[in-house]
Amino acid sequence: MEVTALRLMINMWLLLQVQDNYCALKADAAFLRVTPARLQHFEYKSVSFDCEGFDGELGLRVMKKSQNANTCSTNRNIQKGSLCTIETVYIDDSGEYWCETGDGKKSDTVNITVTAGSVILESPVHPVKEGDAVTLRCKNKTASSTISASFYKNGFLIKNSSADNMIIPSVSRSDEGLYRCSVSGSGESPQSRLTVRVFQKETIAICSDQLPVLLYLFVRIVGTMLWAALLLLVLRKRDSGKDRGK
C-alpha cells in the first residue's frame with residue numbers, strides 16, 4: 001500500500017510539472033507577429049500583422065488603437081482572418097497594435113513606429129528574456145553596404161560602432177530603456193523601447209480551467225494515502241494480537 005501511495009504521489013508531481021510547462025508555453029504562445037520583425041518601419045513599405053497561439057478562438061483579429069475604431073482593417077488594408085497586411089504604411093500607421101478575440105481576450109500591445117526618415121533601428125518586437133543575447137541594428141534606407149553607426153540609450157551615447165549593429169551579450173533589467181541610432185550624413189532613427197522580463201510560470205492565473213482536474217487528483221491521492229495508512233494500522237494491530245496469543 002505504501003508503494004501504491006508513493007506511485008500516486010510521483011504521478012501527481014509529474015502531472016503538475018507537465019501542467020506547469022504547458023501553461024507557461026500557452027502564455028508565451030499567444031502574441032502578435034509583425035513582419036518584418038521590427039518595431040520601426042520605413043514609410044511606403046509593407047507591414048503585416050498576424051495573431052499566433054490563439055488556437056480555436058473565435059472572432060480573432062488584429063486591432064490598432066485609434067480615436068475612431070480599434071481595428072487594423074481599413075479601406076487600404078487587407079485583412080484575412082487574423083492576418084492584417086498594410087501594403088503601404090504611412091506615418092499615421094504608427095501606434096499600438098494587438099490581437100483580440102471575440103470574447104475580449106487580448107495579447108500584449110506592440111508599439112510600431114513608421115518614419116519618413118532614412119534611418120531606423122531594428123530591435124526586438126517583444127520583451128526579451130533576461131540573460132539572452134540581444135542585437136540592435138541600425139538600418140540605412142539608401143546604403144547598400146555595411147555602415148558605421150552610433151547607438152543611444154535614453155538620450156545618451158552608449159557606443160560608436162564601426163559596424164551597423166550593437167550586441168548586448170546577456171541582457172538584464174538595467175538594459176531596459178529607449179534606444180535609437182544615428183548614421184553620419186544620413187540622420188538618426190526614432191526611439192523604441194527595449195523591455196526585459198524575468199519570465200515566471202503563473203499556472204493558476206493562466207490555466208485556471210485545469211484546476212478542477214488537479215483538485216480531484218489531489219483529493220484522490222490524499223484519500224488513498226489515508227486509506228493505506230488506516231489499513232496498515234489495522235494489519236499491524238492484527239499481527240500484534242496474533243503475537244500476544246502465541
# chains A, B, ... in the order shown; residues from 1 in each chain; ligands from 1
>>> residues_around(residues="A:Lys159", least_positions_apart="4", cutoff="10 Å", atoms="only C-alpha atoms", output="MDAnalysis selection string")
chainID A and resid 149:153 165:166 181
>>> residues_around(residues="stretch 184-189 of chain A", least_positions_apart="2", cutoff="7 Å", atoms="only C-alpha atoms", output="ChimeraX atom specification")
/A:118-121,180-182,191
>>> closest_atom_pairs(of="stretch 29-64 of chain A", to="stretch 103-106 of chain A", cutoff="10 Å", atoms="only C-alpha atoms", output="tab-separated table")
residue	atom	partner	partner_atom	distance
A:Ala30	CA	A:Lys106	CA	8.9
A:Phe31	CA	A:Lys106	CA	8.8
A:Leu32	CA	A:Lys106	CA	9.8
A:Phe54	CA	A:Lys105	CA	9.5
A:Glu57	CA	A:Asp103	CA	8.7
A:Leu58	CA	A:Asp103	CA	7.9
A:Gly59	CA	A:Asp103	CA	7.8
A:Leu60	CA	A:Asp103	CA	9.1
A:Arg61	CA	A:Lys106	CA	10.0
A:Val62	CA	A:Lys106	CA	9.8
A:Met63	CA	A:Lys106	CA	9.5
>>> closest_residue(among="A:Leu157, A:Cys138, A:Val183, A:Val128", to="A:Thr195", atoms="only C-alpha atoms")
A:Val128
>>> closest_residue(among="A:Leu83, A:Leu136, A:Val198, A:Val89", to="A:Ile112", atoms="only C-alpha atoms")
A:Val89
>>> atom_distance(atom1="atom CA of A:Val125", atom2="atom CA of A:Leu39")
5.5 Å
>>> closest_residue(among="A:Asp93, A:Asp108, A:Glu100, A:Asp164", to="A:Glu122", atoms="only C-alpha atoms")
A:Asp164
>>> residues_around(residues="A:Thr35", least_positions_apart="2", cutoff="9 Å", atoms="only C-alpha atoms", output="PDB file with C-alpha atoms, in the first residue's frame")
ATOM      1  CA  ARG A  33       3.575  38.582 -35.036  1.00  0.00           C
ATOM      2  CA  ALA A  37      10.081  41.600 -37.379  1.00  0.00           C
ATOM      3  CA  ARG A  38      10.961  45.040 -36.030  1.00  0.00           C
ATOM      4  CA  SER A  46       4.581  46.818 -46.486  1.00  0.00           C
ATOM      5  CA  VAL A  47       3.940  45.570 -42.942  1.00  0.00           C
ATOM      6  CA  SER A  48       1.900  42.543 -41.862  1.00  0.00           C
ATOM      7  CA  PHE A  49       0.373  41.652 -38.507  1.00  0.00           C
ATOM      8  CA  ASP A  50      -0.800  38.197 -37.540  1.00  0.00           C
TER       9      ASP A  50
END
>>> select_by_dssp(residues="stretch 41-227 of chain A", states="alpha helix (DSSP H)", output="VMD selection string")
chain A and resid 203 to 206 211 to 227
>>> select_by_dssp(residues="stretch 46-203 of chain A", states="strand (DSSP E or B)", output="ChimeraX atom specification")
/A:47-52,61-64,77-80,83-86,95-100,106,110-115,119-122,128-129,134-140,149-153,156-161,165-168,177-183,187-188,192-194,196-197
>>> residues_around(residues="A:Ser174", least_positions_apart="2", cutoff="10 Å", atoms="only C-alpha atoms", output="ChimeraX atom specification")
/A:130,171-172,176-177,195-196
>>> atom_distance(atom1="atom CA of A:Lys64", atom2="atom CA of A:Trp98")
6.6 Å
>>> atom_distance(atom1="atom CA of A:Pro169", atom2="atom CA of A:Val114")
28.1 Å
>>> decode(residues="stretch 75-185 of chain A", atoms="C-alpha atoms", output="CSV table (one decimal), in the first residue's frame")
chain,number,residue,atom,x,y,z
A,75,ASN,CA,-10.1,50.5,-47.0
A,76,ARG,CA,-6.4,50.2,-47.9
A,77,ASN,CA,-5.5,47.3,-45.6
A,78,ILE,CA,-6.1,43.6,-46.4
A,79,GLN,CA,-7.4,41.5,-43.5
A,80,LYS,CA,-7.9,37.8,-43.9
A,81,GLY,CA,-8.8,36.1,-40.7
A,82,SER,CA,-6.3,37.2,-38.1
A,83,LEU,CA,-3.8,38.4,-40.8
A,84,CYS,CA,-3.8,42.1,-41.5
A,85,THR,CA,-1.5,43.4,-44.2
A,86,ILE,CA,-0.8,47.1,-44.8
A,87,GLU,CA,0.6,47.2,-48.3
A,88,THR,CA,1.9,50.8,-48.0
A,89,VAL,CA,2.4,52.2,-44.5
A,90,TYR,CA,2.3,55.9,-43.6
A,91,ILE,CA,3.4,57.8,-40.6
A,92,ASP,CA,-0.3,57.7,-39.4
A,93,ASP,CA,0.0,53.9,-39.2
A,94,SER,CA,2.3,54.3,-36.2
A,95,GLY,CA,0.8,53.3,-32.9
A,96,GLU,CA,-0.2,50.4,-30.7
A,97,TYR,CA,-1.4,47.1,-32.2
A,98,TRP,CA,-2.6,43.9,-30.5
A,99,CYS,CA,-4.6,40.7,-31.1
A,100,GLU,CA,-8.2,40.4,-29.7
A,101,THR,CA,-10.7,37.6,-29.7
A,102,GLY,CA,-14.4,37.8,-30.0
A,103,ASP,CA,-14.8,37.4,-26.2
A,104,GLY,CA,-12.4,40.2,-25.4
A,105,LYS,CA,-9.1,38.3,-24.7
A,106,LYS,CA,-6.1,40.4,-25.7
A,107,SER,CA,-2.4,39.9,-26.4
A,108,ASP,CA,0.3,42.4,-25.3
A,109,THR,CA,0.4,45.5,-27.4
A,110,VAL,CA,3.2,46.2,-29.9
A,111,ASN,CA,4.1,49.9,-30.5
A,112,ILE,CA,5.0,50.4,-34.2
A,113,THR,CA,6.8,53.5,-35.5
A,114,VAL,CA,6.7,54.5,-39.2
A,115,THR,CA,9.2,57.1,-40.2
A,116,ALA,CA,9.8,59.2,-43.3
A,117,GLY,CA,13.5,59.4,-42.5
A,118,SER,CA,16.4,57.4,-43.9
A,119,VAL,CA,17.4,55.5,-40.7
A,120,ILE,CA,15.6,53.0,-38.5
A,121,LEU,CA,16.6,50.9,-35.5
A,122,GLU,CA,15.9,47.2,-35.8
A,123,SER,CA,15.2,46.0,-32.2
A,124,PRO,CA,13.1,43.1,-30.8
A,125,VAL,CA,9.4,43.3,-31.3
A,126,HIS,CA,8.5,41.7,-28.0
A,127,PRO,CA,10.1,41.7,-24.5
A,128,VAL,CA,13.3,39.7,-24.3
A,129,LYS,CA,14.2,37.2,-21.6
A,130,GLU,CA,16.8,38.2,-19.0
A,131,GLY,CA,20.1,36.6,-19.9
A,132,ASP,CA,19.5,36.4,-23.7
A,133,ALA,CA,21.8,38.0,-26.3
A,134,VAL,CA,20.2,41.0,-28.0
A,135,THR,CA,21.3,42.6,-31.2
A,136,LEU,CA,20.3,46.2,-32.1
A,137,ARG,CA,20.9,47.1,-35.8
A,138,CYS,CA,21.0,50.5,-37.5
A,139,LYS,CA,19.5,50.3,-40.9
A,140,ASN,CA,20.1,52.9,-43.6
A,141,LYS,CA,17.4,53.1,-46.3
A,142,THR,CA,19.8,54.2,-49.0
A,143,ALA,CA,23.0,52.3,-48.1
A,144,SER,CA,23.8,49.1,-49.9
A,145,SER,CA,26.9,48.3,-47.9
A,146,THR,CA,27.8,48.0,-44.2
A,147,ILE,CA,27.7,51.3,-42.3
A,148,SER,CA,29.1,52.6,-39.1
A,149,ALA,CA,26.6,53.8,-36.5
A,150,SER,CA,26.2,55.4,-33.1
A,151,PHE,CA,23.8,54.0,-30.5
A,152,TYR,CA,22.0,55.9,-27.8
A,153,LYS,CA,20.0,54.8,-24.7
A,154,ASN,CA,17.6,57.2,-23.0
A,155,GLY,CA,19.3,60.1,-24.9
A,156,PHE,CA,22.9,59.3,-24.0
A,157,LEU,CA,25.5,57.9,-26.4
A,158,ILE,CA,26.5,54.4,-25.3
A,159,LYS,CA,28.5,53.1,-28.3
A,160,ASN,CA,30.2,54.2,-31.5
A,161,SER,CA,30.3,51.1,-33.8
A,162,SER,CA,32.3,50.5,-36.9
A,163,ALA,CA,29.5,48.1,-37.9
A,164,ASP,CA,25.8,48.6,-38.2
A,165,ASN,CA,25.0,46.7,-35.0
A,166,MET,CA,25.4,46.6,-31.3
A,167,ILE,CA,25.2,43.3,-29.3
A,168,ILE,CA,24.2,43.0,-25.7
A,169,PRO,CA,25.6,39.5,-24.8
A,170,SER,CA,23.5,38.9,-21.7
A,171,VAL,CA,20.7,41.4,-21.3
A,172,SER,CA,19.4,42.4,-17.9
A,173,ARG,CA,16.8,44.7,-16.4
A,174,SER,CA,19.3,47.5,-16.3
A,175,ASP,CA,19.4,47.4,-20.1
A,176,GLU,CA,15.8,48.4,-20.4
A,177,GLY,CA,15.1,51.8,-22.0
A,178,LEU,CA,14.6,53.9,-25.1
A,179,TYR,CA,17.1,53.2,-27.8
A,180,ARG,CA,17.9,55.0,-31.1
A,181,CYS,CA,20.8,55.1,-33.5
A,182,SER,CA,22.3,57.5,-36.0
A,183,VAL,CA,24.4,57.3,-39.1
A,184,SER,CA,26.7,60.2,-40.1
A,185,GLY,CA,25.4,62.0,-43.1
